[in-house]
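Asker: Below is run19.pdb; it holds PDB, C-alpha atoms.
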ATOM      1  CA  MET A   1     -30.072  -8.824 -25.103
ATOM      2  CA  PHE A   2     -29.354  -7.838 -21.521
ATOM      3  CA  THR A   3     -30.185  -4.306 -20.454
ATOM      4  CA  GLU A   4     -29.301  -4.402 -16.757
ATOM      5  CA  PHE A   5     -26.277  -5.302 -14.678
ATOM      6  CA  TRP A   6     -26.303  -5.401 -10.868
ATOM      7  CA  LEU A   7     -23.345  -4.892  -8.547
ATOM      8  CA  THR A   8     -22.816  -4.552  -4.815
ATOM      9  CA  TYR A   9     -20.311  -2.392  -2.970
ATOM     10  CA  GLN A  10     -18.544  -4.242  -0.164
ATOM     11  CA  PHE A  11     -15.989  -2.409   1.960
ATOM     12  CA  THR A  12     -13.666  -4.791   3.777
ATOM     13  CA  SER A  13     -13.988  -2.465   6.765
ATOM     14  CA  ARG A  14     -17.762  -3.010   6.765
ATOM     15  CA  VAL A  15     -18.013  -6.773   6.636
ATOM     16  CA  HIS A  16     -20.335  -6.548   9.620
ATOM     17  CA  LEU A  17     -22.842  -4.548   7.548
ATOM     18  CA  PRO A  18     -24.915  -5.587   4.508
ATOM     19  CA  PRO A  19     -23.471  -4.391   1.170
ATOM     20  CA  THR A  20     -25.078  -1.666  -0.943
ATOM     21  CA  THR A  21     -26.592  -2.780  -4.262
ATOM     22  CA  GLN A  22     -26.666  -0.700  -7.458
ATOM     23  CA  LEU A  23     -28.333  -1.143 -10.852
ATOM     24  CA  ILE A  24     -26.348  -0.299 -13.994
ATOM     25  CA  GLU A  25     -28.301   0.202 -17.198
ATOM     26  CA  LEU A  26     -26.621  -1.063 -20.363
ATOM     27  CA  GLU A  27     -28.796   0.506 -23.075
ATOM     28  CA  ASN A  28     -26.722   3.566 -24.021
ATOM     29  CA  PRO A  29     -25.228   2.813 -27.489
ATOM     30  CA  GLU A  30     -22.775   5.728 -27.321
ATOM     31  CA  HIS A  31     -21.161   4.430 -24.145
ATOM     32  CA  LYS A  32     -21.222   0.679 -24.421
ATOM     33  CA  LEU A  33     -19.753  -1.096 -21.436
ATOM     34  CA  THR A  34     -17.788  -4.080 -22.644
ATOM     35  CA  ASP A  35     -15.939  -5.328 -19.593
ATOM     36  CA  LEU A  36     -15.711  -4.688 -15.871
ATOM     37  CA  GLU A  37     -12.951  -2.127 -16.258
ATOM     38  CA  ASP A  38     -15.381  -0.035 -18.302
ATOM     39  CA  VAL A  39     -17.690   0.063 -15.299
ATOM     40  CA  LEU A  40     -14.920   1.614 -13.229
ATOM     41  CA  ALA A  41     -13.084   3.731 -15.811
ATOM     42  CA  HIS A  42     -15.771   4.874 -18.251
ATOM     43  CA  GLY A  43     -15.067   8.337 -19.756
ATOM     44  CA  THR A  44     -16.549  11.578 -18.395
ATOM     45  CA  SER A  45     -17.222  13.413 -21.643
ATOM     46  CA  ARG A  46     -20.993  13.155 -21.197
ATOM     47  CA  ILE A  47     -21.197  14.176 -17.563
ATOM     48  CA  GLY A  48     -23.648  17.006 -17.046
ATOM     49  CA  CYS A  49     -25.440  16.477 -20.370
ATOM     50  CA  THR A  50     -29.177  16.418 -19.618
ATOM     51  CA  SER A  51     -29.943  14.711 -22.934
ATOM     52  CA  CYS A  52     -27.902  11.659 -21.992
ATOM     53  CA  ASN A  53     -29.300   8.370 -20.918
ATOM     54  CA  SER A  54     -30.347   8.292 -17.265
ATOM     55  CA  LEU A  55     -27.397   6.043 -16.601
ATOM     56  CA  MET A  56     -25.001   8.848 -17.507
ATOM     57  CA  VAL A  57     -27.011  11.478 -15.643
ATOM     58  CA  ALA A  58     -27.121   9.376 -12.502
ATOM     59  CA  GLY A  59     -23.423   8.806 -12.867
ATOM     60  CA  LEU A  60     -22.123   5.409 -13.831
ATOM     61  CA  LEU A  61     -18.578   6.303 -12.915
ATOM     62  CA  VAL A  62     -17.885   4.420  -9.751
ATOM     63  CA  PHE A  63     -14.868   6.574  -8.941
ATOM     64  CA  ARG A  64     -15.255   9.753 -10.984
ATOM     65  CA  GLN A  65     -18.850  10.232  -9.905
ATOM     66  CA  GLY A  66     -17.871   9.950  -6.265
ATOM     67  CA  PHE A  67     -19.646   6.669  -5.450
ATOM     68  CA  ILE A  68     -16.231   5.628  -4.169
ATOM     69  CA  GLU A  69     -13.380   8.067  -3.614
ATOM     70  CA  ALA A  70     -10.680   7.812  -6.265
ATOM     71  CA  LYS A  71      -7.972   7.084  -3.703
ATOM     72  CA  TYR A  72      -9.558   3.657  -3.197
ATOM     73  CA  ARG A  73      -8.857   2.634  -6.812
ATOM     74  CA  PRO A  74      -5.607   0.730  -6.058
ATOM     75  CA  ALA A  75      -7.459  -1.319  -3.420
ATOM     76  CA  THR A  76     -10.529  -2.311  -5.445
ATOM     77  CA  TRP A  77     -11.298  -5.601  -7.162
ATOM     78  CA  TRP A  78     -14.221  -7.754  -8.341
ATOM     79  CA  GLU A  79     -15.487 -10.962  -6.760
ATOM     80  CA  LYS A  80     -18.304 -13.416  -7.208
ATOM     81  CA  LYS A  81     -20.611 -14.007  -4.275
ATOM     82  CA  ASP A  82     -18.544 -17.047  -3.284
ATOM     83  CA  GLY A  83     -15.414 -14.899  -2.991
ATOM     84  CA  VAL A  84     -13.734 -15.991  -6.225
ATOM     85  CA  LYS A  85     -11.896 -13.043  -7.785
ATOM     86  CA  ILE A  86     -12.752 -11.993 -11.348
ATOM     87  CA  LYS A  87     -10.413 -10.210 -13.763
ATOM     88  CA  ALA A  88     -11.346  -6.683 -14.768
ATOM     89  CA  CYS A  89     -11.114  -7.691 -18.446
ATOM     90  CA  THR A  90     -14.022 -10.116 -18.026
ATOM     91  CA  THR A  91     -16.871  -9.091 -20.322
ATOM     92  CA  ILE A  92     -20.202  -8.107 -18.870
ATOM     93  CA  ASP A  93     -22.051 -10.244 -21.437
ATOM     94  CA  ASP A  94     -20.149 -13.345 -20.348
ATOM     95  CA  LEU A  95     -21.038 -12.703 -16.736
ATOM     96  CA  LEU A  96     -24.706 -12.156 -17.533
ATOM     97  CA  ILE A  97     -24.826 -15.302 -19.659
ATOM     98  CA  GLU A  98     -23.386 -17.137 -16.659
ATOM     99  CA  GLY A  99     -26.190 -15.693 -14.576
ATOM    100  CA  ILE A 100     -24.050 -13.220 -12.631
ATOM    101  CA  GLY A 101     -25.370  -9.686 -12.212
ATOM    102  CA  ARG A 102     -28.858 -10.315 -13.574
ATOM    103  CA  CYS A 103     -30.604  -9.288 -10.356
ATOM    104  CA  PRO A 104     -29.744  -8.097  -6.829
ATOM    105  CA  ASP A 105     -29.524 -11.695  -5.612
ATOM    106  CA  THR A 106     -26.818 -12.534  -8.177
ATOM    107  CA  ALA A 107     -25.076  -9.139  -8.114
ATOM    108  CA  LEU A 108     -21.330  -9.046  -8.718
ATOM    109  CA  LYS A 109     -19.335  -7.833  -5.747
ATOM    110  CA  LEU A 110     -17.060  -4.810  -6.018
ATOM    111  CA  VAL A 111     -14.712  -5.167  -3.059
ATOM    112  CA  ILE A 112     -13.097  -2.025  -1.662
ATOM    113  CA  GLY A 113     -10.074  -2.785   0.469
ATOM    114  CA  LYS A 114      -8.422  -0.700   3.131
ATOM    115  CA  TYR A 115      -7.114   2.707   2.037
ATOM    116  CA  ARG A 116      -3.360   2.840   2.613
ATOM    117  CA  MET A 117      -2.508   6.463   3.273
ATOM    118  CA  ASN A 118       0.920   8.009   3.620
ATOM    119  CA  ARG A 119       1.131   8.858   7.301
ATOM    120  CA  LYS A 120       3.358  11.853   6.589
ATOM    121  CA  ASN A 121       1.741  15.265   6.210
ATOM    122  CA  VAL A 122      -1.852  14.074   6.611
ATOM    123  CA  SER A 123      -4.583  16.234   8.062
ATOM    124  CA  HIS A 124      -6.464  15.398  11.251
ATOM    125  CA  THR A 125      -9.500  14.551   9.114
ATOM    126  CA  ASP A 126      -7.513  12.140   6.945
ATOM    127  CA  ALA A 127      -5.961  10.563  10.020
ATOM    128  CA  ARG A 128      -9.445   9.447  11.083
ATOM    129  CA  PHE A 129     -10.376   8.178   7.640
ATOM    130  CA  GLU A 130      -9.149   4.616   7.968
ATOM    131  CA  THR A 131     -11.156   3.963  11.134
ATOM    132  CA  GLU A 132     -14.358   5.925  10.604
ATOM    133  CA  ASP A 133     -16.030   2.987   8.832
ATOM    134  CA  MET A 134     -14.729   0.361  11.222
ATOM    135  CA  PRO A 135     -16.830  -1.352  13.898
ATOM    136  CA  THR A 136     -17.156   0.931  16.910
ATOM    137  CA  ASN A 137     -16.901  -1.823  19.523
ATOM    138  CA  LEU A 138     -14.658  -4.747  20.406
ATOM    139  CA  TRP A 139     -16.139  -7.814  22.089
ATOM    140  CA  PHE A 140     -14.193 -10.430  24.022
ATOM    141  CA  SER A 141     -14.822 -13.236  26.511
ATOM    142  CA  TYR A 142     -12.901 -14.277  29.591
ATOM    143  CA  ILE A 143     -11.850 -17.924  29.230
ATOM    144  CA  TYR A 144     -10.413 -19.564  32.323
ATOM    145  CA  ILE A 145      -8.421 -22.736  31.642
ATOM    146  CA  HIS A 146      -8.471 -23.898  35.252
ATOM    147  CA  ASN A 147     -11.639 -23.933  37.362
ATOM    148  CA  PRO A 148     -13.749 -22.155  34.723
ATOM    149  CA  PRO A 149     -16.972 -20.577  35.929
ATOM    150  CA  VAL A 150     -20.305 -22.022  34.856
ATOM    151  CA  GLN A 151     -21.085 -18.947  32.772
ATOM    152  CA  VAL A 152     -18.608 -17.476  30.271
ATOM    153  CA  VAL A 153     -18.582 -13.707  30.646
ATOM    154  CA  THR A 154     -18.403 -11.513  27.557
ATOM    155  CA  GLN A 155     -17.437  -7.848  27.630
ATOM    156  CA  ARG A 156     -17.722  -4.957  25.176
ATOM    157  CA  ILE A 157     -15.278  -2.088  24.821
ATOM    158  CA  LYS A 158     -16.653   1.053  23.188
ATOM    159  CA  PHE A 159     -13.949   2.864  21.266
ATOM    160  CA  ALA A 160     -15.867   6.147  21.458
ATOM    161  CA  ALA A 161     -15.497   6.108  25.242
ATOM    162  CA  LEU A 162     -11.695   5.836  25.059
ATOM    163  CA  PRO A 163      -9.175   8.687  24.817
ATOM    164  CA  ARG A 164      -7.847   7.049  21.640
ATOM    165  CA  ARG A 165      -8.659   3.993  19.594
ATOM    166  CA  PHE A 166      -6.617   0.879  20.339
ATOM    167  CA  GLU A 167      -4.079   0.091  17.621
ATOM    168  CA  LYS A 168      -2.747  -3.263  18.792
ATOM    169  CA  LEU A 169      -4.225  -6.100  20.787
ATOM    170  CA  ALA A 170      -1.571  -5.448  23.439
ATOM    171  CA  HIS A 171      -3.294  -2.121  24.139
ATOM    172  CA  VAL A 172      -6.501  -4.015  24.883
ATOM    173  CA  THR A 173      -4.656  -6.328  27.256
ATOM    174  CA  ASN A 174      -3.092  -3.382  29.076
ATOM    175  CA  TYR A 175      -6.507  -1.750  29.320
ATOM    176  CA  VAL A 176      -8.061  -4.852  30.889
ATOM    177  CA  PHE A 177      -5.449  -4.891  33.644
ATOM    178  CA  ALA A 178      -5.300  -1.105  34.071
ATOM    179  CA  GLN A 179      -9.038  -1.059  34.699
ATOM    180  CA  GLY A 180      -8.736  -3.843  37.267
ATOM    181  CA  PHE A 181     -10.894  -6.290  35.305
ATOM    182  CA  LEU A 182      -8.235  -8.933  36.011
ATOM    183  CA  PRO A 183      -5.757  -9.045  38.923
ATOM    184  CA  SER A 184      -2.223  -8.103  37.930
ATOM    185  CA  LYS A 185      -0.945 -11.528  39.035
ATOM    186  CA  TYR A 186      -2.539 -13.005  35.872
ATOM    187  CA  ARG A 187      -0.672 -10.711  33.478
ATOM    188  CA  ALA A 188       1.991 -13.303  32.681
ATOM    189  CA  VAL A 189      -0.500 -16.086  31.952
ATOM    190  CA  VAL A 190      -3.018 -14.464  29.610
ATOM    191  CA  TYR A 191      -3.184 -14.643  25.815
ATOM    192  CA  TRP A 192      -5.688 -14.066  23.028
ATOM    193  CA  GLN A 193      -7.485 -16.502  20.762
ATOM    194  CA  SER A 194      -9.854 -16.179  17.845
ATOM    195  CA  LEU A 195     -13.334 -17.642  18.073
ATOM    196  CA  CYS A 196     -12.041 -20.884  16.547
ATOM    197  CA  GLY A 197      -9.257 -21.139  19.121
ATOM    198  CA  LYS A 198      -6.329 -19.903  17.017
ATOM    199  CA  ARG A 199      -3.809 -17.960  19.069
ATOM    200  CA  ILE A 200      -3.497 -14.259  18.189
ATOM    201  CA  SER A 201      -0.322 -12.256  18.749
ATOM    202  CA  GLU A 202      -0.365  -9.279  21.102
ATOM    203  CA  CYS A 203       1.094  -7.188  18.274
ATOM    204  CA  ALA A 204      -1.843  -7.936  15.970
ATOM    205  CA  ALA A 205      -3.637  -4.818  14.732
ATOM    206  CA  VAL A 206      -7.100  -4.417  16.251
ATOM    207  CA  ASP A 207      -8.547  -3.026  13.013
ATOM    208  CA  GLU A 208      -7.236  -6.000  11.029
ATOM    209  CA  ILE A 209      -8.870  -8.361  13.513
ATOM    210  CA  LEU A 210     -12.178  -6.537  13.166
ATOM    211  CA  ILE A 211     -11.934  -6.519   9.371
ATOM    212  CA  ALA A 212     -11.570 -10.296   9.529
ATOM    213  CA  GLY A 213     -14.889 -10.441  11.376
ATOM    214  CA  GLU A 214     -13.455 -11.311  14.805
ATOM    215  CA  GLY A 215     -14.617  -9.450  17.896
ATOM    216  CA  ILE A 216     -17.360  -7.533  16.086
ATOM    217  CA  SER A 217     -20.259  -8.898  18.145
ATOM    218  CA  GLU A 218     -21.053 -10.885  21.250
ATOM    219  CA  GLU A 219     -21.474 -14.012  19.131
ATOM    220  CA  LYS A 220     -18.076 -13.479  17.448
ATOM    221  CA  SER A 221     -16.141 -12.266  20.471
ATOM    222  CA  LEU A 222     -12.407 -12.753  20.893
ATOM    223  CA  ARG A 223     -11.198 -15.050  23.669
ATOM    224  CA  LEU A 224      -8.982 -13.692  26.422
ATOM    225  CA  VAL A 225      -7.556 -16.899  27.845
ATOM    226  CA  ILE A 226      -6.439 -16.873  31.487
ATOM    227  CA  GLY A 227      -3.986 -19.589  32.439
ATOM    228  CA  GLN A 228      -3.173 -20.893  35.903
ATOM    229  CA  TYR A 229      -1.553 -18.463  38.314
ATOM    230  CA  LEU A 230       1.597 -20.017  39.748
ATOM    231  CA  ALA A 231       2.189 -18.573  43.176
ATOM    232  CA  THR A 232       5.792 -17.999  44.213
ATOM    233  CA  SER A 233       7.151 -18.797  47.650
ATOM    234  CA  SER A 234       7.247 -15.093  48.504
ATOM    235  CA  SER A 235       3.623 -14.454  47.632
TER     236      SER A 235
END
What would the structure in this file look like if it were written as structure tokens?

Answerer:
Amino acid sequence: MFTEFWLTYQFTSRVHLPPTTQLIELENPEHKLTDLEDVLAHGTSRIGCTSCNSLMVAGLLVFRQGFIEAKYRPATWWEKKDGVKIKACTTIDDLLIEGIGRCPDTALKLVIGKYRMNRKNVSHTDARFETEDMPTNLWFSYIYIHNPPVQVVTQRIKFAALPRRFEKLAHVTNYVFAQGFLPSKYRAVVYWQSLCGKRISECAAVDEILIAGEGISEEKSLRLVIGQYLATSSS
């Protein structure tokens, strides 16, 4: 009989950080956890009872105990380590028999997606909520198509040093030229690429790019591609 079940918390906004692992004890006969939904939605009738099993005292409730704020519930799902989604009705025993959740190395992943708030009537604190767990920097490299330099230069932008966080990639482009990092004559011949060379639209959301793991470090920097400047007869 299995007495332990391990899970990890993985926020999609923290893919650049290691997940947090938690042990769940399964020995309380009064509050048997049958499936994964029980792990998330187990009742609160025993909260605060000092005679309860340590699992109840510590707070098994992922949402009701505050391990994750309840507003994340519509954006939460389960995955195996290889990214395959698992239905919430899957029994814990079946997972353990399969070898999932027996130890920290085989822990089941509880994925917490991005919180979608209603932008109307939100406080200043709530307005910062979606970005407070995001990477604090954006990395990109200057890629010259014609006459490239020997050394590719990579640059970091610290969001904390900016008046406001960039929302779209176009804001980053405007910043590069406004700061004089590139001459204005190149504005019409620049575009963005992912690390693998896929073109990225200027209207792409910076936070979505970071969530996908692009631009979060020097090794995973975005590519600002600079094409050939075509001089006009008047220049």

Asker: Which residues match the PyMOL selection byres ((chain A and resi 155-159) around 8) in the file above, as an MDAnalysis selection string?

Answerer: chainID A and resid 136:141 153:154 160:162 164:166 218

Asker: Ranking A:Leu222, A:Leu95, A:Val111, A:Ile200 by minimum distance to Phe11 of chain A and counting only C-alpha atoms, which one comes first?

Answerer: A:Val111

Asker: Apply the PyMOL selection byres ((chain A and resi 175-188) around 10) to the file shown and report the selected residues as a PyMOL selection string.

Answerer: chain A and resi 142+157+166+169-174+189-191+224+226-231

Asker: Enumerate, as an NGL selection string, the residues matched when the PyMOL selection byres ((chain A and resi 9) around 9) is run on the file above.

Answerer: :A and (7-8 or 10-11 or 19-22 or 108-112)

Asker: Please provide the set of residues having any atom within 12 Å of Ile209 of chain A, restricted to all atoms listed in the file, with same-chain residues fewer than 4 positions apart removed, written as a PyMOL selection string.

Answerer: chain A and resi 12-13+15+134-135+137-140+166-169+192-195+200-205+213-216+220-222

Asker: Write out as a VMD selection string the residues lying within 8 Å of Phe5 of chain A, counting all atoms listed in the file and excluding same-chain residues fewer than 2 positions away.

Answerer: chain A and resid 2 to 3 7 23 to 26 92 96 101 to 103 107

Asker: Using atom CA of Asp93 of chain A and atom CA of Thr106 of chain A as the two end points, give the distance in Å to one decimal.

Answerer: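 Atom-to-atom, atom CA of Asp93 of chain A to atom CA of Thr106 of chain A, that is 14.3 Å.
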
Asker: Smallest atom-to-atom distance to Gly197 of chain A: which of A:Ser217, A:Gln151, A:Ile143, A:Pro163, using only C-alpha atoms?

Answerer: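 For Gly197 of chain A, the nearest of the given residues is A:Ile143.
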
Asker: Have a look at atom CA of Asp82 of chain A and atom CA of Gly99 of chain A and let me know their distance in Å, one decimal.

Answerer: 13.7 Å
